[in-house]
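K.L.:
A single structure is presented below for examination.
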Amino acid sequence: FYPMLLGTAKRTRTTVEALEIKGFTYALHNPEAKRLKLSYLRLTYRDALFVAGTALYLTIIFAIGRMFPI
């Protein structure tokens, strides 16, 4: 267990260092850089369908759970 924990910590540190080198932390504090990185994100019809479908699915699951409690 302990070697697995150390390996995870090393991979996490490597990932953080790579993100810092690419300027990831700079984008968190600079509004212009954040705007450029997020400019391509849009809410589409498919996104709305996914949210509606997920809400419907959860409603059905909870209704079935109330009808047939364990």
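In the structure tokens, chains take letters A, B, ... by order of appearance, with residues numbered from 1 within each chain and ligands from 1 in the order shown.
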From a DSSP pass on the backbone, collect the residues of chain A flagged as alpha helix (DSSP H) and hand them back as a ChimeraX atom specification.
P.N.:
/A:2-21,24-29,31-38,45-67
K.L.:
Which residues come within 10 Å of stretch 13-27 of chain A, counting only C-alpha atoms, excluding same-chain residues fewer than 6 positions away, as a tab-separated table (two decimals) with C-alpha atoms, in the first residue's frame?
P.N.:
```tsv
chain	number	residue	atom	x	y	z
A	7	GLY	CA	3.83	6.55	-6.64
A	33	ALA	CA	-5.77	34.55	-20.23
A	34	LYS	CA	-8.83	32.93	-18.64
A	35	ARG	CA	-11.09	34.45	-21.31
A	36	LEU	CA	-8.87	33.09	-24.08
A	37	LYS	CA	-8.75	29.59	-22.62
```
K.L.:
To one decimal place in Å, what is the distance between atom CA of A:Thr44 and atom CA of A:Thr59?
P.N.:
23.0 Å
K.L.:
Quick check, in Å to one decimal: how far apart do atom CA of A:Glu32 and atom CA of A:Asp47 lie?
P.N.:
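A separation of 26.1 Å between them.
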K.L.:
Just give me the gap between atom CA of A:Gly65 and atom CA of A:Ala48 in Å, one decimal is fine.
P.N.:
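Pair atom CA of A:Gly65 / atom CA of A:Ala48 returns 25.7 Å.
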